[in-house]
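File shown: protein03.txt (compact mmCIF, C-alpha atoms).
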```txt
# COMPACT_ATOMS: atom_id res chain seq x y z
CA MET K 16 -35.53 7.69 16.76
CA THR K 17 -32.90 7.57 14.00
CA THR K 18 -30.65 4.56 13.62
CA ALA K 19 -27.72 3.90 11.33
CA ILE K 20 -29.68 1.13 9.62
CA ASP K 21 -33.28 1.47 8.56
CA ALA K 22 -34.97 -1.93 8.77
CA PRO K 23 -37.62 -2.85 6.19
CA VAL K 24 -41.21 -2.97 7.34
CA GLU K 25 -42.64 -6.49 7.40
CA GLY K 26 -44.27 -7.31 4.09
CA SER K 27 -42.71 -4.36 2.27
CA THR K 28 -40.21 -4.45 -0.59
CA LYS K 29 -37.95 -1.86 1.06
CA LYS K 30 -34.30 -2.86 1.28
CA TRP K 31 -31.99 -2.43 4.23
CA VAL K 32 -30.33 0.97 3.97
CA TYR K 33 -27.29 2.12 5.95
CA ASN K 34 -27.35 5.86 6.58
CA GLY K 35 -24.66 6.24 9.25
CA PRO K 36 -21.10 7.60 9.01
CA ILE K 37 -18.73 6.09 6.44
CA PHE K 38 -15.12 5.19 7.19
CA ASP K 39 -13.18 4.16 4.09
CA ALA K 40 -10.45 1.71 5.09
CA ASP K 41 -8.79 1.35 1.67
CA THR K 42 -7.87 4.50 -0.20
CA HIS K 43 -4.58 5.36 -1.89
CA LEU K 44 -2.42 8.31 -2.78
CA PHE K 45 -0.16 8.98 -5.71
CA GLU K 46 3.21 10.38 -4.82
CA THR K 47 4.31 13.86 -5.86
CA PRO K 48 7.55 14.10 -7.91
CA ASP K 49 9.70 14.84 -4.85
CA ALA K 50 8.39 11.95 -2.76
CA PHE K 51 11.23 9.51 -3.38
CA GLU K 52 14.17 11.90 -3.47
CA LYS K 53 13.45 14.68 -0.97
CA TYR K 54 14.99 12.87 2.00
CA LEU K 55 16.84 10.02 0.28
CA PRO K 56 20.51 10.03 1.34
CA PRO K 57 22.67 11.11 -1.63
CA GLU K 58 24.82 7.98 -1.43
CA LEU K 59 21.74 5.83 -2.16
CA ARG K 60 20.48 7.72 -5.21
CA ASP K 61 22.20 5.55 -7.83
CA ASP K 62 20.98 2.23 -6.45
CA TYR K 63 17.73 3.14 -4.68
CA LEU K 64 16.11 6.20 -6.27
CA ILE K 65 12.52 5.22 -7.13
CA ALA K 66 11.36 6.69 -10.44
CA PHE K 67 9.51 5.93 -13.65
CA LYS K 68 11.60 5.54 -16.78
CA THR K 69 11.83 3.52 -19.97
CA ALA K 70 13.43 0.13 -19.44
CA ASP K 71 15.91 -1.55 -21.76
CA ASP K 72 13.03 -3.53 -23.28
CA GLY K 73 11.19 -0.32 -24.17
CA GLN K 74 8.53 -0.59 -21.46
CA HIS K 75 7.68 2.40 -19.29
CA ALA K 76 7.88 1.19 -15.69
CA LEU K 77 8.82 2.09 -12.16
CA HIS K 78 12.44 1.41 -11.28
CA VAL K 79 14.33 1.12 -8.02
CA GLY K 80 17.77 2.23 -9.13
CA ASN K 81 18.22 0.13 -12.27
CA ARG K 82 15.83 -2.61 -11.14
CA LYS K 83 12.61 -2.65 -13.13
CA VAL K 84 9.42 -3.12 -11.10
CA GLU K 85 7.62 -5.46 -13.49
CA ILE K 86 4.21 -5.13 -11.91
CA THR K 87 4.07 -1.48 -12.99
CA ALA K 88 5.11 -2.11 -16.60
CA ASP K 89 2.78 -0.71 -19.26
CA HIS K 90 0.26 0.35 -16.66
CA TYR K 91 1.35 3.93 -16.09
CA GLY K 92 2.62 6.68 -18.33
CA ASP K 93 1.81 9.93 -20.11
CA GLY K 94 0.68 11.37 -16.79
CA LYS K 95 -2.15 8.86 -16.56
CA VAL K 96 -2.98 6.44 -13.76
CA PRO K 97 -5.42 3.53 -13.32
CA ALA K 98 -9.00 4.77 -13.08
CA PRO K 99 -10.40 4.61 -9.52
CA GLY K 100 -13.24 2.13 -9.12
CA LYS K 101 -12.43 0.21 -12.30
CA LEU K 102 -10.64 -2.81 -10.81
CA HIS K 103 -13.41 -5.26 -11.71
CA GLU K 104 -13.56 -4.04 -15.30
CA TRP K 105 -9.79 -4.26 -15.56
CA LEU K 106 -9.66 -7.81 -14.14
CA ARG K 107 -12.49 -8.89 -16.43
CA ALA K 108 -10.60 -7.59 -19.45
CA ILE K 109 -7.51 -9.57 -18.46
CA LYS K 110 -9.66 -12.68 -17.96
CA GLU K 111 -10.96 -12.25 -21.50
CA GLY K 112 -7.42 -12.03 -22.82
CA ARG K 113 -7.53 -8.33 -23.63
CA HIS K 114 -4.08 -7.21 -22.51
CA GLU K 115 -4.19 -3.83 -24.24
CA ILE K 116 -6.52 -2.12 -21.79
CA ASP K 117 -6.88 1.61 -21.45
CA LEU K 118 -8.71 2.15 -18.19
CA ARG K 119 -6.61 5.14 -17.22
CA VAL K 120 -7.33 8.74 -16.32
CA ASP K 121 -5.33 11.92 -15.83
CA LEU K 122 -3.72 12.45 -12.44
CA SER K 123 -5.83 14.92 -10.46
CA PRO K 124 -5.26 17.01 -7.27
CA PRO K 125 -7.37 14.77 -4.97
CA MET K 126 -5.02 11.92 -5.82
CA THR K 127 -1.94 13.78 -4.63
CA ASN K 128 -3.02 16.37 -2.03
CA PRO K 129 -4.86 16.10 1.31
CA LYS K 130 -6.84 19.34 1.01
CA GLU K 131 -8.46 18.32 -2.26
CA ARG K 132 -8.93 14.77 -1.00
CA VAL K 133 -10.95 16.03 1.98
CA GLU K 134 -13.10 18.07 -0.38
CA LEU K 135 -13.79 14.86 -2.28
CA LEU K 136 -14.64 13.01 0.94
CA ASP K 137 -17.15 15.77 1.70
CA GLN K 138 -18.74 15.37 -1.73
CA TRP K 139 -19.11 11.64 -1.20
CA GLY K 140 -20.30 11.86 2.41
CA VAL K 141 -17.28 9.99 3.75
CA ARG K 142 -16.40 10.90 7.33
CA SER K 143 -12.75 9.77 7.27
CA SER K 144 -10.37 7.30 5.71
CA ILE K 145 -7.10 5.43 5.87
CA ILE K 146 -4.79 6.34 3.03
CA PHE K 147 -2.22 3.85 1.81
CA ILE K 148 1.01 4.51 -0.04
CA GLY K 149 1.02 4.52 -3.84
CA HIS K 150 3.92 3.41 -6.04
CA MET K 151 5.99 2.77 -2.94
CA LEU K 152 3.89 -0.36 -2.33
CA ALA K 153 5.26 -1.96 -5.51
CA ALA K 154 8.78 -0.71 -4.86
CA LEU K 155 9.08 -2.26 -1.40
CA THR K 156 9.85 -5.75 -2.71
CA HIS K 157 12.76 -4.39 -4.75
CA LEU K 158 14.65 -3.05 -1.75
CA ASP K 159 17.60 -5.19 -0.73
CA GLY K 160 19.99 -4.81 2.15
CA VAL K 161 18.62 -4.29 5.66
CA ASP K 162 20.18 -0.93 6.46
CA GLU K 163 19.55 0.40 2.96
CA SER K 164 15.91 -0.66 3.12
CA TYR K 165 15.38 1.22 6.37
CA LYS K 166 17.02 4.35 4.98
CA VAL K 167 14.80 4.32 1.89
CA ILE K 168 11.62 3.62 3.87
CA ASN K 169 12.44 6.23 6.51
CA ALA K 170 13.10 8.83 3.81
CA TYR K 171 9.74 8.04 2.25
CA ASN K 172 7.94 8.19 5.59
CA ARG K 173 9.38 11.65 6.22
CA TRP K 174 7.93 12.83 2.89
CA LEU K 175 4.60 11.24 3.80
CA LEU K 176 4.56 13.14 7.10
CA ASP K 177 5.45 16.40 5.34
CA HIS K 178 2.90 16.14 2.57
CA TRP K 179 -0.07 14.31 4.09
CA THR K 180 0.66 14.26 7.83
CA PHE K 181 -0.28 11.08 9.67
CA ASN K 182 -3.57 12.58 10.84
CA TYR K 183 -4.96 15.23 8.53
CA GLN K 184 -7.78 17.07 10.32
CA GLU K 185 -9.07 13.79 11.82
CA ARG K 186 -10.19 12.96 8.27
CA ILE K 187 -7.28 11.19 6.60
CA PHE K 188 -5.01 8.77 8.43
CA ALA K 189 -1.87 8.10 6.41
CA ALA K 190 -0.08 4.82 7.15
CA PRO K 191 3.71 5.04 7.28
CA VAL K 192 5.62 1.86 6.45
CA VAL K 193 7.07 -0.01 9.42
CA THR K 194 8.98 -3.28 9.30
CA ILE K 195 10.68 -5.48 11.88
CA LEU K 196 13.18 -6.91 9.44
CA ASP K 197 15.59 -5.56 12.06
CA LEU K 198 14.00 -5.34 15.50
CA GLU K 199 15.93 -2.37 16.83
CA GLN K 200 15.41 -0.30 13.70
CA GLY K 201 11.76 -1.33 13.63
CA ILE K 202 11.38 -0.10 17.20
CA GLU K 203 12.90 3.26 16.21
CA GLN K 204 10.51 3.46 13.25
CA VAL K 205 7.39 2.87 15.31
CA LYS K 206 8.55 5.24 18.06
CA TRP K 207 9.02 7.96 15.45
CA ALA K 208 5.63 7.22 13.91
CA ALA K 209 3.92 7.43 17.30
CA GLU K 210 5.71 10.65 18.22
CA ASN K 211 4.45 12.18 14.97
CA GLY K 212 0.82 11.26 15.51
CA ALA K 213 0.45 8.08 13.49
CA ARG K 214 -2.83 6.28 14.15
CA VAL K 215 -2.09 3.40 11.78
CA ILE K 216 1.07 1.77 10.42
CA LEU K 217 1.45 -0.38 7.32
CA MET K 218 3.49 -3.55 7.74
CA PRO K 219 4.59 -5.95 4.99
CA MET K 220 2.85 -9.32 5.15
CA GLY K 221 4.55 -12.53 6.14
CA PRO K 222 7.27 -13.61 8.59
CA TYR K 223 10.36 -11.67 9.60
CA ASN K 224 13.70 -13.50 9.62
CA GLY K 225 12.02 -16.86 9.94
CA LYS K 226 9.69 -15.82 12.74
CA PRO K 227 6.03 -14.76 12.75
CA PRO K 228 5.35 -11.07 13.45
CA ALA K 229 3.85 -11.85 16.86
CA HIS K 230 6.76 -14.02 18.01
CA PRO K 231 7.76 -13.22 21.64
CA ASP K 232 11.13 -12.01 20.37
CA HIS K 233 9.24 -9.02 18.94
CA ASP K 234 7.41 -8.15 22.18
CA ALA K 235 9.35 -4.92 22.69
CA PHE K 236 8.04 -3.66 19.35
CA TRP K 237 4.44 -4.63 20.07
CA GLN K 238 4.57 -3.03 23.51
CA ILE K 239 5.19 0.34 21.84
CA VAL K 240 2.39 -0.28 19.35
CA ASN K 241 -0.03 -1.19 22.13
CA ASP K 242 0.94 1.69 24.41
CA ALA K 243 0.51 4.19 21.57
CA GLU K 244 -2.82 2.57 20.57
CA ILE K 245 -1.64 2.35 16.97
CA ARG K 246 -3.56 0.12 14.58
CA VAL K 247 -1.60 -2.19 12.29
CA VAL K 248 -2.88 -2.47 8.73
CA PHE K 249 -1.91 -4.70 5.83
CA HIS K 250 -2.38 -4.31 2.10
CA VAL K 251 -2.00 -6.85 -0.68
CA GLY K 252 1.30 -6.75 -2.49
CA GLU K 253 3.96 -9.12 -3.74
CA ALA K 254 4.69 -11.48 -0.86
CA MET K 255 8.28 -12.39 -1.60
CA TYR K 256 8.41 -14.95 1.21
CA MET K 257 6.21 -17.06 -1.09
CA ALA K 258 8.82 -17.12 -3.88
CA ASP K 259 10.10 -20.67 -3.21
CA HIS K 260 6.58 -22.03 -2.88
CA MET K 261 5.48 -20.40 -6.12
CA ALA K 262 8.54 -21.82 -7.88
CA VAL K 263 7.47 -25.43 -7.26
CA TRP K 264 4.28 -24.60 -9.21
CA GLY K 265 6.29 -23.14 -12.07
CA GLU K 266 5.26 -19.59 -11.12
CA LYS K 267 7.48 -16.55 -10.70
CA MET K 268 7.13 -13.59 -8.41
CA GLN K 269 7.57 -9.99 -9.57
CA GLN K 270 5.68 -10.44 -12.84
CA SER K 271 3.81 -7.91 -14.93
CA ARG K 272 0.30 -7.49 -13.53
CA MET K 273 -0.97 -7.65 -17.11
CA LYS K 274 0.49 -11.11 -17.61
CA GLN K 275 0.68 -12.93 -14.29
CA SER K 276 -1.61 -15.90 -13.81
CA ALA K 277 -4.70 -16.08 -11.64
CA PHE K 278 -2.79 -18.62 -9.50
CA ASN K 279 -0.10 -16.03 -8.89
CA TRP K 280 -2.71 -13.38 -8.09
CA MET K 281 -4.36 -15.55 -5.46
CA PHE K 282 -1.40 -17.21 -3.77
CA GLY K 283 1.62 -15.01 -4.35
CA TYR K 284 -0.01 -11.63 -4.36
CA GLY K 285 -3.42 -11.61 -2.70
CA GLU K 286 -5.39 -13.93 -0.49
CA ARG K 287 -2.96 -16.49 0.89
CA PRO K 288 -0.33 -14.05 2.26
CA VAL K 289 -3.04 -12.03 4.01
CA ILE K 290 -4.72 -15.10 5.47
CA GLU K 291 -1.42 -16.60 6.65
CA THR K 292 -0.32 -13.36 8.27
CA LEU K 293 -3.58 -12.84 10.16
CA ALA K 294 -3.70 -16.51 11.13
CA SER K 295 -0.19 -16.28 12.56
CA PHE K 296 -1.29 -13.49 14.90
CA ILE K 297 -4.28 -15.50 16.08
```
Please rewrite the model in this file as structure tokens.
Amino acid sequence: MTTAIDAPVEGSTKKWVYNGPIFDADTHLFETPDAFEKYLPPELRDDYLIAFKTADDGQHALHVGNRKVEITADHYGDGKVPAPGKLHEWLRAIKEGRHEIDLRVDLSPPMTNPKERVELLDQWGVRSSIIFIGHMLAALTHLDGVDESYKVINAYNRWLLDHWTFNYQERIFAAPVVTILDLEQGIEQVKWAAENGARVILMPMGPYNGKPPAHPDHDAFWQIVNDAEIRVVFHVGEAMYMADHMAVWGEKMQQSRMKQSAFNWMFGYGERPVIETLASFI
């Protein structure tokens, strides 16, 4: 009889070994050059086109229109991206005060294309995975205006559907961005996602218009999610609803990831927003 976990024999030095299927719940893509402009309405290009360029201070960074996305500053460029699997080394270097860190690699096809990504999953013995958005994750907090935000996100989601699909061969499940900043537009977003085969949706952390995500006022949205059996996923990112709280500690949001404090990492970017959001559902 074969089991997913082989238990050690009593008295032996054998370790527990898992040999069952692997589902990777946290992988990412990098957008292709057309991702942010293919479906973006022309009237929004000046203020909302997402692209890398050199800022007025000389730093190479992602911009939303003319707004610099600080967290991307000096971390990308020359066709290179952060090396997969090197997060701990990168964080350790920052802890040691080494801000000039080159843990970057060339962009490769598995980072940008589903076919090559599946080939990589096969090499690693990974059955399937969720794939999260790439630079769009950092850009989300620089969108302002409700209607404009929905237009930008919807344009991006259409590219995501085109390029990755929301269910690629039952191997890769891409997560379109859905928000209930406006309930009616959020309902249209999730309906569209469901109609196009989405198995998971990515929602920003935190409250919406002063109400928790699971507030009864949002029941119409959650009914669609439940009926379609869609899973909701979250990913760490700048939680702008924490801005006032961080300010009383003398901390700012939207800082360079190379320079922000550990306090900011934990409470404005990572653990606290996730914990609060999940706790609000419970």
Near His43 in chain K, within 8 Å and counting only C-alpha atoms, which residues show up once chain neighbours fewer than 4 positions away are dropped, as a PDB file with C-alpha atoms, in the frame of the given file?
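Done, and the output landed in result12.pdb:
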```pdb
ATOM      1  CA  MET K 126      -5.020  11.920  -5.820  1.00  0.00           C
ATOM      2  CA  ILE K 146      -4.790   6.340   3.030  1.00  0.00           C
ATOM      3  CA  PHE K 147      -2.220   3.850   1.810  1.00  0.00           C
ATOM      4  CA  ILE K 148       1.010   4.510  -0.040  1.00  0.00           C
ATOM      5  CA  GLY K 149       1.020   4.520  -3.840  1.00  0.00           C
TER       6      GLY K 149
END
```
Please provide as a compact mmCIF listing (two decimals) with C-alpha atoms, in the frame of the given file all residues within 12 Å of Gly265 in chain K, with the sequence filter that same-chain residues fewer than 4 positions apart are discarded (counting all atoms listed in the file).
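This is the output file result-v3.txt:
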```
# COMPACT_ATOMS: atom_id res chain seq x y z
CA ALA K 258 8.82 -17.12 -3.88
CA ASP K 259 10.10 -20.67 -3.21
CA HIS K 260 6.58 -22.03 -2.88
CA MET K 261 5.48 -20.40 -6.12
CA GLN K 275 0.68 -12.93 -14.29
CA SER K 276 -1.61 -15.90 -13.81
CA PHE K 278 -2.79 -18.62 -9.50
CA ASN K 279 -0.10 -16.03 -8.89
```
Pick the closest to Glu104 in chain K from K:Ile297, K:Val133, K:Ala40, K:Leu118: which is it, counting only C-alpha atoms?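 Among the listed residues, K:Leu118 lies closest to Glu104 in chain K.
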Selection: 9 Å around Lys83 in chain K, only C-alpha atoms, excl. self and same-chain fewer than 5 positions, as an mmCIF file with C-alpha atoms, in the coordinates of the input:
```cif
data_model
loop_
_atom_site.group_PDB
_atom_site.id
_atom_site.type_symbol
_atom_site.label_atom_id
_atom_site.label_comp_id
_atom_site.auth_asym_id
_atom_site.auth_seq_id
_atom_site.Cartn_x
_atom_site.Cartn_y
_atom_site.Cartn_z
ATOM 1 C CA ALA K 70 13.430 0.130 -19.440
ATOM 2 C CA ALA K 76 7.880 1.190 -15.690
ATOM 3 C CA LEU K 77 8.820 2.090 -12.160
ATOM 4 C CA HIS K 78 12.440 1.410 -11.280
ATOM 5 C CA ALA K 88 5.110 -2.110 -16.600
ATOM 6 C CA HIS K 157 12.760 -4.390 -4.750
#
```
For Leu217 in chain K, list every protein, DNA or RNA residue within 8 Å, evaluated using only C-alpha atoms, and leave out those in the same chain fewer than 6 positions away; present the list as a PyMOL selection string. chain K and resi 147+190-193+247-250
Could you jot down the CA of Ser123 in chain K to CA of Glu111 in chain K separation for me, Å, one decimal place? 29.8 Å
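Taking CA of Pro228 in chain K and CA of Ser271 in chain K as the two end points, the separation is 28.6 Å.
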Using only C-alpha atoms, which residue out of K:Val167, K:Ile187, K:Ala98, K:Leu55 lies closest to Arg142 in chain K?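 Under the stated criterion, the closest residue is K:Ile187.
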From the options K:Arg287, K:Arg82, K:His90, K:Lys68, which residue's atoms come nearest to Ala154 in chain K, counting all atoms listed in the file?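 Among K:Arg287, K:Arg82, K:His90, K:Lys68, it is K:Arg82 that comes nearest to Ala154 in chain K.
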